[in-house]
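Asker: Structure file target30.cif (mmCIF, C-alpha atoms, pLDDT in the B column; chains and numbers go by the auth columns) is given on the next line.
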data_my_file
#
loop_
_atom_site.group_PDB
_atom_site.id
_atom_site.type_symbol
_atom_site.label_atom_id
_atom_site.label_comp_id
_atom_site.label_asym_id
_atom_site.label_seq_id
_atom_site.Cartn_x
_atom_site.Cartn_y
_atom_site.Cartn_z
_atom_site.B_iso_or_equiv
_atom_site.auth_seq_id
_atom_site.auth_asym_id
ATOM 1 C CA MET A 1 -60.890 -25.484 -5.140 44.00 1 A
ATOM 2 C CA ARG A 2 -57.420 -26.182 -6.531 41.00 2 A
ATOM 3 C CA THR A 3 -57.607 -23.030 -8.674 44.00 3 A
ATOM 4 C CA LEU A 4 -58.668 -21.000 -5.646 41.00 4 A
ATOM 5 C CA LEU A 5 -55.837 -22.395 -3.536 41.00 5 A
ATOM 6 C CA THR A 6 -53.313 -21.729 -6.315 37.00 6 A
ATOM 7 C CA SER A 7 -54.490 -18.130 -6.641 42.00 7 A
ATOM 8 C CA LEU A 8 -54.251 -17.679 -2.872 41.00 8 A
ATOM 9 C CA VAL A 9 -50.686 -19.020 -2.807 37.00 9 A
ATOM 10 C CA LEU A 10 -49.656 -16.709 -5.650 39.00 10 A
ATOM 11 C CA LEU A 11 -51.230 -13.726 -3.891 40.00 11 A
ATOM 12 C CA LEU A 12 -49.494 -14.475 -0.589 40.00 12 A
ATOM 13 C CA THR A 13 -46.185 -14.973 -2.406 40.00 13 A
ATOM 14 C CA ALA A 14 -46.529 -11.612 -4.138 40.00 14 A
ATOM 15 C CA LEU A 15 -47.326 -9.907 -0.844 41.00 15 A
ATOM 16 C CA ALA A 16 -44.270 -11.481 0.785 44.00 16 A
ATOM 17 C CA VAL A 17 -41.928 -10.006 -1.826 42.00 17 A
ATOM 18 C CA PRO A 18 -41.017 -6.379 -0.990 47.00 18 A
ATOM 19 C CA ALA A 19 -42.053 -3.923 -3.692 53.00 19 A
ATOM 20 C CA HIS A 20 -39.462 -1.609 -5.185 58.00 20 A
ATOM 21 C CA ALA A 21 -40.338 1.971 -5.971 68.00 21 A
ATOM 22 C CA ASP A 22 -39.309 3.531 -9.256 84.00 22 A
ATOM 23 C CA PRO A 23 -36.019 5.404 -8.753 89.00 23 A
ATOM 24 C CA ALA A 24 -36.441 9.158 -8.411 91.00 24 A
ATOM 25 C CA PRO A 25 -35.340 10.989 -11.590 95.00 25 A
ATOM 26 C CA LEU A 26 -32.762 13.767 -11.595 97.00 26 A
ATOM 27 C CA PRO A 27 -34.343 17.060 -10.571 97.00 27 A
ATOM 28 C CA THR A 28 -34.346 19.712 -13.284 96.00 28 A
ATOM 29 C CA GLY A 29 -34.000 23.472 -13.010 95.00 29 A
ATOM 30 C CA THR A 30 -31.156 23.205 -10.516 98.00 30 A
ATOM 31 C CA ASP A 31 -27.346 23.021 -10.514 98.00 31 A
ATOM 32 C CA VAL A 32 -24.954 20.155 -9.839 98.00 32 A
ATOM 33 C CA ASP A 33 -21.733 19.961 -7.832 98.00 33 A
ATOM 34 C CA TYR A 34 -19.184 17.209 -8.436 98.00 34 A
ATOM 35 C CA GLN A 35 -17.489 16.537 -5.087 98.00 35 A
ATOM 36 C CA LEU A 36 -15.455 13.383 -5.636 96.00 36 A
ATOM 37 C CA GLY A 37 -12.376 14.948 -4.075 95.00 37 A
ATOM 38 C CA GLY A 38 -14.174 15.342 -0.766 96.00 38 A
ATOM 39 C CA PRO A 39 -17.319 16.913 0.689 97.00 39 A
ATOM 40 C CA ALA A 40 -17.638 20.676 0.422 96.00 40 A
ATOM 41 C CA TYR A 41 -20.134 23.408 1.151 95.00 41 A
ATOM 42 C CA VAL A 42 -23.224 23.081 -1.029 97.00 42 A
ATOM 43 C CA PRO A 43 -24.479 26.439 -2.377 95.00 43 A
ATOM 44 C CA ASP A 44 -28.204 27.167 -2.294 96.00 44 A
ATOM 45 C CA ASN A 45 -28.458 26.939 -6.087 97.00 45 A
ATOM 46 C CA VAL A 46 -27.183 23.340 -6.096 98.00 46 A
ATOM 47 C CA GLY A 47 -29.803 20.599 -5.937 98.00 47 A
ATOM 48 C CA ILE A 48 -27.680 17.665 -7.190 98.00 48 A
ATOM 49 C CA VAL A 49 -24.485 16.532 -5.462 98.00 49 A
ATOM 50 C CA VAL A 50 -22.144 13.714 -6.505 98.00 50 A
ATOM 51 C CA ARG A 51 -19.943 12.217 -3.774 98.00 51 A
ATOM 52 C CA ASP A 52 -17.797 9.130 -3.371 97.00 52 A
ATOM 53 C CA ARG A 53 -19.376 6.019 -1.876 97.00 53 A
ATOM 54 C CA THR A 54 -17.191 6.440 1.220 96.00 54 A
ATOM 55 C CA GLU A 55 -18.797 9.810 2.016 97.00 55 A
ATOM 56 C CA THR A 56 -22.219 10.753 3.361 97.00 56 A
ATOM 57 C CA PRO A 57 -24.945 12.438 1.299 98.00 57 A
ATOM 58 C CA ALA A 58 -25.484 16.202 1.372 98.00 58 A
ATOM 59 C CA PRO A 59 -28.626 17.098 3.351 97.00 59 A
ATOM 60 C CA GLY A 60 -31.510 18.394 1.273 96.00 60 A
ATOM 61 C CA ALA A 61 -29.971 17.518 -2.123 98.00 61 A
ATOM 62 C CA TYR A 62 -30.465 14.788 -4.693 98.00 62 A
ATOM 63 C CA ASN A 63 -27.365 12.709 -4.003 98.00 63 A
ATOM 64 C CA ILE A 64 -25.509 10.557 -6.523 98.00 64 A
ATOM 65 C CA CYS A 65 -23.087 7.965 -5.140 98.00 65 A
ATOM 66 C CA TYR A 66 -19.859 7.431 -7.104 98.00 66 A
ATOM 67 C CA VAL A 67 -18.821 3.790 -7.534 97.00 67 A
ATOM 68 C CA ASN A 68 -15.859 2.761 -9.669 96.00 68 A
ATOM 69 C CA GLY A 69 -17.642 -0.199 -11.182 95.00 69 A
ATOM 70 C CA PHE A 70 -15.241 -1.322 -13.905 97.00 70 A
ATOM 71 C CA GLN A 71 -11.809 -0.466 -12.464 97.00 71 A
ATOM 72 C CA THR A 72 -10.118 -0.423 -9.063 95.00 72 A
ATOM 73 C CA GLN A 73 -9.612 2.615 -6.890 90.00 73 A
ATOM 74 C CA PRO A 74 -5.900 3.493 -6.492 83.00 74 A
ATOM 75 C CA GLY A 75 -6.035 3.111 -2.713 84.00 75 A
ATOM 76 C CA GLU A 76 -7.689 -0.316 -2.763 88.00 76 A
ATOM 77 C CA ARG A 77 -5.033 -2.521 -4.308 85.00 77 A
ATOM 78 C CA GLY A 78 -4.725 -4.522 -1.097 88.00 78 A
ATOM 79 C CA PHE A 79 -8.382 -5.465 -1.378 92.00 79 A
ATOM 80 C CA TRP A 80 -8.040 -6.500 -5.007 92.00 80 A
ATOM 81 C CA ARG A 81 -4.917 -8.540 -4.337 91.00 81 A
ATOM 82 C CA ARG A 82 -7.204 -10.771 -2.276 93.00 82 A
ATOM 83 C CA HIS A 83 -9.363 -11.103 -5.401 95.00 83 A
ATOM 84 C CA ARG A 84 -6.512 -11.128 -7.896 94.00 84 A
ATOM 85 C CA ASP A 85 -8.268 -13.513 -10.287 95.00 85 A
ATOM 86 C CA LEU A 86 -10.893 -10.797 -10.870 97.00 86 A
ATOM 87 C CA VAL A 87 -8.282 -8.293 -12.066 97.00 87 A
ATOM 88 C CA LEU A 88 -7.549 -8.270 -15.796 97.00 88 A
ATOM 89 C CA THR A 89 -3.996 -9.381 -16.571 97.00 89 A
ATOM 90 C CA ASP A 90 -1.859 -9.517 -19.672 96.00 90 A
ATOM 91 C CA GLY A 91 1.282 -11.640 -19.502 94.00 91 A
ATOM 92 C CA GLY A 92 0.704 -12.108 -15.780 93.00 92 A
ATOM 93 C CA ARG A 93 0.626 -8.384 -14.996 95.00 93 A
ATOM 94 C CA PRO A 94 -2.470 -6.276 -14.222 96.00 94 A
ATOM 95 C CA VAL A 95 -3.719 -4.148 -17.096 97.00 95 A
ATOM 96 C CA VAL A 96 -3.588 -0.533 -15.926 95.00 96 A
ATOM 97 C CA ASP A 97 -5.508 2.581 -16.891 93.00 97 A
ATOM 98 C CA GLU A 98 -2.385 4.710 -17.076 87.00 98 A
ATOM 99 C CA ALA A 99 -4.263 8.004 -16.718 86.00 99 A
ATOM 100 C CA TRP A 100 -5.419 7.117 -13.197 88.00 100 A
ATOM 101 C CA GLY A 101 -3.210 4.194 -12.160 89.00 101 A
ATOM 102 C CA GLU A 102 -6.253 1.932 -11.846 94.00 102 A
ATOM 103 C CA TRP A 103 -6.380 -1.788 -12.583 96.00 103 A
ATOM 104 C CA LEU A 104 -9.077 -2.978 -14.961 97.00 104 A
ATOM 105 C CA LEU A 105 -11.535 -5.588 -13.700 98.00 105 A
ATOM 106 C CA ASP A 106 -11.851 -8.837 -15.641 98.00 106 A
ATOM 107 C CA ILE A 107 -15.466 -8.925 -16.814 98.00 107 A
ATOM 108 C CA ARG A 108 -14.967 -11.328 -19.719 98.00 108 A
ATOM 109 C CA THR A 109 -16.837 -14.372 -18.408 98.00 109 A
ATOM 110 C CA PRO A 110 -20.318 -14.758 -16.888 98.00 110 A
ATOM 111 C CA ALA A 111 -18.843 -16.330 -13.741 98.00 111 A
ATOM 112 C CA LYS A 112 -16.462 -13.454 -13.121 98.00 112 A
ATOM 113 C CA ARG A 113 -19.153 -10.889 -13.880 98.00 113 A
ATOM 114 C CA GLU A 114 -21.420 -12.518 -11.297 98.00 114 A
ATOM 115 C CA ARG A 115 -18.699 -12.485 -8.646 98.00 115 A
ATOM 116 C CA LEU A 116 -17.741 -8.897 -9.398 97.00 116 A
ATOM 117 C CA ALA A 117 -21.385 -7.858 -9.383 98.00 117 A
ATOM 118 C CA ARG A 118 -21.701 -9.229 -5.854 97.00 118 A
ATOM 119 C CA LEU A 119 -18.665 -7.246 -4.709 96.00 119 A
ATOM 120 C CA VAL A 120 -19.719 -4.007 -6.380 96.00 120 A
ATOM 121 C CA GLY A 121 -23.275 -4.698 -5.276 96.00 121 A
ATOM 122 C CA ARG A 122 -22.205 -4.458 -1.633 97.00 122 A
ATOM 123 C CA TRP A 123 -20.984 -0.919 -2.303 97.00 123 A
ATOM 124 C CA THR A 124 -24.221 -0.089 -4.109 98.00 124 A
ATOM 125 C CA ALA A 125 -26.216 -1.400 -1.158 98.00 125 A
ATOM 126 C CA GLY A 126 -24.059 0.778 1.099 98.00 126 A
ATOM 127 C CA CYS A 127 -24.964 3.828 -0.965 98.00 127 A
ATOM 128 C CA ALA A 128 -28.633 3.050 -0.418 98.00 128 A
ATOM 129 C CA ARG A 129 -28.166 2.571 3.333 98.00 129 A
ATOM 130 C CA GLU A 130 -26.414 5.924 3.580 97.00 130 A
ATOM 131 C CA GLY A 131 -29.379 7.646 1.937 98.00 131 A
ATOM 132 C CA PHE A 132 -28.143 8.326 -1.600 98.00 132 A
ATOM 133 C CA ASP A 133 -30.762 8.662 -4.334 98.00 133 A
ATOM 134 C CA ALA A 134 -28.704 7.310 -7.232 98.00 134 A
ATOM 135 C CA VAL A 135 -25.395 5.719 -8.154 98.00 135 A
ATOM 136 C CA GLU A 136 -23.025 6.349 -11.055 98.00 136 A
ATOM 137 C CA PHE A 137 -20.877 3.444 -12.204 98.00 137 A
ATOM 138 C CA ASP A 138 -17.605 4.801 -13.550 96.00 138 A
ATOM 139 C CA ASN A 139 -15.423 3.500 -16.386 96.00 139 A
ATOM 140 C CA LEU A 140 -18.038 1.724 -18.465 96.00 140 A
ATOM 141 C CA ASP A 141 -15.613 2.238 -21.347 96.00 141 A
ATOM 142 C CA SER A 142 -12.699 0.419 -19.687 96.00 142 A
ATOM 143 C CA TYR A 143 -12.756 -2.097 -22.541 97.00 143 A
ATOM 144 C CA SER A 144 -11.274 0.627 -24.766 96.00 144 A
ATOM 145 C CA ARG A 145 -8.161 0.568 -22.547 96.00 145 A
ATOM 146 C CA SER A 146 -7.947 -3.210 -22.195 97.00 146 A
ATOM 147 C CA ARG A 147 -5.475 -3.914 -25.031 96.00 147 A
ATOM 148 C CA GLY A 148 -8.310 -5.614 -26.865 96.00 148 A
ATOM 149 C CA LEU A 149 -8.880 -8.176 -24.116 98.00 149 A
ATOM 150 C CA ILE A 150 -12.342 -6.935 -23.083 98.00 150 A
ATOM 151 C CA ARG A 151 -15.144 -6.395 -25.591 98.00 151 A
ATOM 152 C CA ALA A 152 -17.965 -3.864 -25.481 97.00 152 A
ATOM 153 C CA ARG A 153 -20.457 -6.730 -25.123 98.00 153 A
ATOM 154 C CA HIS A 154 -18.744 -7.764 -21.883 98.00 154 A
ATOM 155 C CA ALA A 155 -19.209 -4.248 -20.499 98.00 155 A
ATOM 156 C CA THR A 156 -22.861 -4.224 -21.522 98.00 156 A
ATOM 157 C CA ALA A 157 -23.515 -7.562 -19.825 98.00 157 A
ATOM 158 C CA PHE A 158 -21.816 -6.413 -16.625 98.00 158 A
ATOM 159 C CA ALA A 159 -23.658 -3.087 -16.704 98.00 159 A
ATOM 160 C CA ARG A 160 -26.972 -4.948 -16.694 98.00 160 A
ATOM 161 C CA LEU A 161 -25.984 -6.681 -13.448 98.00 161 A
ATOM 162 C CA LEU A 162 -24.936 -3.402 -11.827 98.00 162 A
ATOM 163 C CA THR A 163 -28.079 -1.493 -12.792 98.00 163 A
ATOM 164 C CA ALA A 164 -30.275 -4.368 -11.628 98.00 164 A
ATOM 165 C CA THR A 165 -28.662 -4.194 -8.187 98.00 165 A
ATOM 166 C CA ALA A 166 -29.127 -0.429 -8.083 98.00 166 A
ATOM 167 C CA HIS A 167 -32.809 -0.778 -8.883 98.00 167 A
ATOM 168 C CA GLU A 168 -33.221 -3.503 -6.259 98.00 168 A
ATOM 169 C CA HIS A 169 -32.157 -0.862 -3.750 98.00 169 A
ATOM 170 C CA ASP A 170 -34.405 1.843 -5.262 98.00 170 A
ATOM 171 C CA LEU A 171 -31.445 3.779 -6.650 98.00 171 A
ATOM 172 C CA ALA A 172 -31.363 5.373 -10.089 98.00 172 A
ATOM 173 C CA ALA A 173 -28.389 4.140 -12.137 98.00 173 A
ATOM 174 C CA GLY A 174 -26.122 6.556 -13.999 98.00 174 A
ATOM 175 C CA GLN A 175 -24.133 5.824 -17.150 98.00 175 A
ATOM 176 C CA LYS A 176 -20.594 7.225 -17.074 95.00 176 A
ATOM 177 C CA ASN A 177 -18.605 7.381 -20.333 90.00 177 A
ATOM 178 C CA ARG A 178 -19.301 5.484 -23.608 95.00 178 A
ATOM 179 C CA ALA A 179 -20.958 8.408 -25.377 95.00 179 A
ATOM 180 C CA GLY A 180 -23.229 7.486 -28.269 93.00 180 A
ATOM 181 C CA TRP A 181 -24.358 4.195 -26.749 96.00 181 A
ATOM 182 C CA ASP A 182 -27.952 3.800 -25.570 97.00 182 A
ATOM 183 C CA GLY A 183 -27.429 2.817 -21.956 97.00 183 A
ATOM 184 C CA THR A 184 -31.156 2.536 -21.293 97.00 184 A
ATOM 185 C CA ARG A 185 -30.914 -0.901 -22.933 96.00 185 A
ATOM 186 C CA ALA A 186 -28.771 -1.968 -19.984 97.00 186 A
ATOM 187 C CA GLY A 187 -31.011 -0.310 -17.403 98.00 187 A
ATOM 188 C CA PHE A 188 -29.371 3.096 -16.968 98.00 188 A
ATOM 189 C CA ASP A 189 -31.673 5.969 -15.995 98.00 189 A
ATOM 190 C CA PHE A 190 -29.443 9.017 -16.524 98.00 190 A
ATOM 191 C CA ALA A 191 -25.923 9.962 -17.563 98.00 191 A
ATOM 192 C CA VAL A 192 -22.959 11.744 -16.029 98.00 192 A
ATOM 193 C CA ALA A 193 -21.111 13.383 -18.915 97.00 193 A
ATOM 194 C CA GLU A 194 -17.538 14.456 -18.243 96.00 194 A
ATOM 195 C CA GLU A 195 -16.183 16.966 -20.746 97.00 195 A
ATOM 196 C CA CYS A 196 -18.937 16.429 -23.275 98.00 196 A
ATOM 197 C CA GLY A 197 -18.466 20.035 -24.371 97.00 197 A
ATOM 198 C CA ARG A 198 -14.770 19.562 -24.932 97.00 198 A
ATOM 199 C CA TYR A 199 -15.257 16.446 -27.053 97.00 199 A
ATOM 200 C CA ASP A 200 -18.525 17.486 -28.710 97.00 200 A
ATOM 201 C CA GLU A 201 -20.422 14.595 -27.111 97.00 201 A
ATOM 202 C CA CYS A 202 -23.272 16.308 -25.252 98.00 202 A
ATOM 203 C CA ASP A 203 -25.798 15.476 -27.979 97.00 203 A
ATOM 204 C CA ALA A 204 -24.745 11.836 -27.750 97.00 204 A
ATOM 205 C CA TYR A 205 -26.053 11.803 -24.176 98.00 205 A
ATOM 206 C CA THR A 206 -29.096 14.077 -24.509 98.00 206 A
ATOM 207 C CA ASP A 207 -30.325 12.141 -27.561 97.00 207 A
ATOM 208 C CA VAL A 208 -30.703 9.158 -25.226 97.00 208 A
ATOM 209 C CA TYR A 209 -31.488 10.733 -21.844 98.00 209 A
ATOM 210 C CA ASP A 210 -32.974 14.129 -22.763 97.00 210 A
ATOM 211 C CA ASP A 211 -32.640 16.337 -19.653 97.00 211 A
ATOM 212 C CA GLN A 212 -31.530 13.443 -17.418 98.00 212 A
ATOM 213 C CA VAL A 213 -27.853 14.353 -17.870 98.00 213 A
ATOM 214 C CA VAL A 214 -25.403 16.201 -15.637 98.00 214 A
ATOM 215 C CA ALA A 215 -22.343 17.715 -17.295 98.00 215 A
ATOM 216 C CA ILE A 216 -18.932 18.364 -15.759 98.00 216 A
ATOM 217 C CA GLU A 217 -16.285 20.439 -17.507 98.00 217 A
ATOM 218 C CA TYR A 218 -12.695 21.163 -16.442 98.00 218 A
ATOM 219 C CA ARG A 219 -11.733 23.953 -18.845 97.00 219 A
ATOM 220 C CA ARG A 220 -13.385 27.357 -18.920 98.00 220 A
ATOM 221 C CA GLN A 221 -13.830 27.436 -22.701 98.00 221 A
ATOM 222 C CA ASP A 222 -15.525 24.024 -22.654 98.00 222 A
ATOM 223 C CA PHE A 223 -17.755 25.064 -19.773 98.00 223 A
ATOM 224 C CA GLU A 224 -18.866 28.191 -21.598 98.00 224 A
ATOM 225 C CA ARG A 225 -19.573 26.167 -24.722 98.00 225 A
ATOM 226 C CA THR A 226 -21.639 23.632 -22.812 98.00 226 A
ATOM 227 C CA CYS A 227 -23.541 26.374 -20.996 98.00 227 A
ATOM 228 C CA THR A 228 -24.346 28.096 -24.281 98.00 228 A
ATOM 229 C CA GLY A 229 -25.634 24.927 -25.900 97.00 229 A
ATOM 230 C CA TYR A 230 -27.206 23.094 -22.981 98.00 230 A
ATOM 231 C CA GLY A 231 -27.333 25.323 -19.913 97.00 231 A
ATOM 232 C CA ASP A 232 -31.081 25.869 -20.244 96.00 232 A
ATOM 233 C CA ARG A 233 -31.699 22.088 -20.124 96.00 233 A
ATOM 234 C CA LEU A 234 -28.908 20.505 -18.116 98.00 234 A
ATOM 235 C CA ALA A 235 -27.104 20.997 -14.828 98.00 235 A
ATOM 236 C CA VAL A 236 -23.540 21.987 -15.790 98.00 236 A
ATOM 237 C CA VAL A 237 -20.592 22.678 -13.485 98.00 237 A
ATOM 238 C CA LEU A 238 -16.996 23.821 -14.011 98.00 238 A
ATOM 239 C CA ARG A 239 -14.607 22.109 -11.601 98.00 239 A
ATOM 240 C CA ASP A 240 -10.855 21.761 -11.180 97.00 240 A
ATOM 241 C CA ARG A 241 -9.616 18.434 -12.491 94.00 241 A
ATOM 242 C CA ASP A 242 -8.521 17.245 -9.026 93.00 242 A
ATOM 243 C CA LEU A 243 -12.009 18.051 -7.676 96.00 243 A
ATOM 244 C CA THR A 244 -10.523 19.521 -4.507 95.00 244 A
ATOM 245 C CA PRO A 245 -13.104 20.482 -1.853 96.00 245 A
ATOM 246 C CA GLY A 246 -11.934 24.080 -1.825 93.00 246 A
ATOM 247 C CA GLY A 247 -11.387 24.278 -5.567 94.00 247 A
ATOM 248 C CA PRO A 248 -13.205 26.602 -7.939 93.00 248 A
ATOM 249 C CA ARG A 249 -16.674 25.868 -9.243 96.00 249 A
ATOM 250 C CA ARG A 250 -18.915 27.778 -11.604 97.00 250 A
ATOM 251 C CA PHE A 251 -22.454 27.212 -12.752 98.00 251 A
ATOM 252 C CA CYS A 252 -24.321 28.296 -15.876 96.00 252 A
#
Using structure tokens, write down the structure from this file.
Answerer:
Amino acid sequence: MRTLLTSLVLLLTALAVPAHADPAPLPTGTDVDYQLGGPAYVPDNVGIVVRDRTETPAPGAYNICYVNGFQTQPGERGFWRRHRDLVLTDGGRPVVDEAWGEWLLDIRTPAKRERLARLVGRWTAGCAREGFDAVEFDNLDSYSRSRGLIRARHATAFARLLTATAHEHDLAAGQKNRAGWDGTRAGFDFAVAEECGRYDECDAYTDVYDDQVVAIEYRRQDFERTCTGYGDRLAVVLRDRDLTPGGPRRFC
């Protein structure tokens, strides 16, 4: 009787826990548009669209939600001043990614990673509520700009928390940056490869993710190179570096 009751309790507990579907993979045989600068018209040939988490998904497309998971957005410094202990500092001053004017997040301790994962997790949950299919977490390689304060192992540990939250909300999780590292070990499902043609890194992503890679190039010669080598397997787009809504775009 005790065994029967135990089995019944376990069954009822399992039924009470909502099941999570496997995240939908990137569609193949279609093009991608990278619209982080703002929503734009989606051509008929485009089946994958990447937009910022503050925007709404494109109807009828596979939508990837952009979340700056490892650094701050330039317009959100007021928010992060309220969480200043989660911003990486050196000599009392925030450590800045000079290329974008973004502060690096302090992911060096388990406690801070947990707190940051809750904050970023709210944005991830928002992506799911809006109807996105996937999320890309930008600046996984922020440790390389941290003046040696953050280690790669810290980024890997934090990435595991972010991908787990994405999967809890039935979103596929995209690796951004850190070419040559197997992100599937941290739960990533696909990769967003910026300028992999320019830096000869496309193989570093396809060796891990096969055709589950989208490629964005900003120079014509790099775009043509990527199209020649990978255009039959991957969705590749040429965009202007500012990603302006009315800016040029070309597809393989």
Asker: Using only C-alpha atoms, I'd like a table of the residues in region 164-232 of chain A that come within 12 Å of region 105-118 of chain A; for each, show the closest atom pair and its distance in Å rounded to one decimal, ordered by chain and ascending number, as a Markdown table.
Answerer:
| residue | atom | partner | partner_atom | distance |
| --- | --- | --- | --- | --- |
| A:Ala164 | CA | A:Ala117 | CA | 9.8 |
| A:Thr165 | CA | A:Ala117 | CA | 8.2 |
| A:Ala166 | CA | A:Ala117 | CA | 10.8 |
Asker: Evaluate the PyMOL selection byres ((chain A and resi 131-146) around 9) against this structure - the residues, as a VMD selection string, please.
Answerer: chain A and resid 23 to 26 50 53 56 to 58 62 to 71 88 95 to 98 104 to 105 124 126 to 130 147 to 152 154 to 156 159 162 to 163 166 170 to 178 190 to 192
Asker: Around all of region 216-221 of chain A's listed atoms, make the axis-aligned box with 5 Å on each side and tell me centre and edge lengths in Å to one decimal, as AutoDock Vina command-line options.
Answerer:
--center_x -15.3 --center_y 22.9 --center_z -19.2 --size_x 17.2 --size_y 19.1 --size_z 16.9
Asker: Just the number, please: distance in Å from CA of His169 (chain A) to CA of Arg233 (chain A), one decimal.
Answerer: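 Separation between CA of His169 (chain A) and CA of Arg233 (chain A): 28.2 Å.
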Asker: Can you turn the PyMOL selection byres ((chain A and resi 218) around 7) into a concrete residue list for this file, as an mmCIF file with C-alpha atoms, keeping the file's coordinate frame?
Answerer:
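Result went into expr.cif, see below:
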data_model
loop_
_atom_site.group_PDB
_atom_site.id
_atom_site.type_symbol
_atom_site.label_atom_id
_atom_site.label_comp_id
_atom_site.auth_asym_id
_atom_site.auth_seq_id
_atom_site.Cartn_x
_atom_site.Cartn_y
_atom_site.Cartn_z
ATOM 1 C CA GLU A 195 -16.183 16.966 -20.746
ATOM 2 C CA ILE A 216 -18.932 18.364 -15.759
ATOM 3 C CA GLU A 217 -16.285 20.439 -17.507
ATOM 4 C CA ARG A 219 -11.733 23.953 -18.845
ATOM 5 C CA ARG A 220 -13.385 27.357 -18.920
ATOM 6 C CA LEU A 238 -16.996 23.821 -14.011
ATOM 7 C CA ARG A 239 -14.607 22.109 -11.601
ATOM 8 C CA ASP A 240 -10.855 21.761 -11.180
ATOM 9 C CA ARG A 241 -9.616 18.434 -12.491
#
Asker: Between CA of Leu86 (chain A) and CA of Gly187 (chain A), what is the spacing in Å?
Answerer: 23.6 Å
Asker: For Gln221 (chain A), which of A:Arg160, A:Gly78, A:Tyr199, A:Thr206 is the closest residue, counting only C-alpha atoms?
Answerer: A:Tyr199
Asker: Work out how far CA of Tyr41 (chain A) is from CA of Asp222 (chain A), in Å to one decimal.
Answerer: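 CA of Asp222 (chain A) sits 24.3 Å away from CA of Tyr41 (chain A).
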Asker: Using only C-alpha atoms for the distances, tell me which of A:Tyr230, A:Glu102, A:Arg122, A:Ala186 is nearest to Arg77 (chain A).
Answerer: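 Using only C-alpha atoms, Arg77 (chain A) sits closest to A:Glu102.
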Asker: Got a sec to check which residues sit within 7 Å of (-17.0, 11.3, -6.6), counting all atoms listed in the file, and write them as a ChimeraX atom specification?
Answerer: /A:34-37,50-52,66
Asker: Residue by residue, what does the PyMOL selection byres ((chain A and resi 249) around 7) grab here? Present the result as a list in words.
Answerer: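 Taken on the displayed file, the PyMOL selection byres ((chain A and resi 249) around 7) yields the residues Val237, Leu238, Arg239, Gly247, Pro248, Arg250 and Phe251 of chain A.
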Asker: Looking at A:Leu119, A:Asp182, A:Cys227, A:Val87, which one is nearest to Leu161 (chain A), with distances taken over only C-alpha atoms?
Answerer: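 Among the listed residues, A:Leu119 lies closest to Leu161 (chain A).
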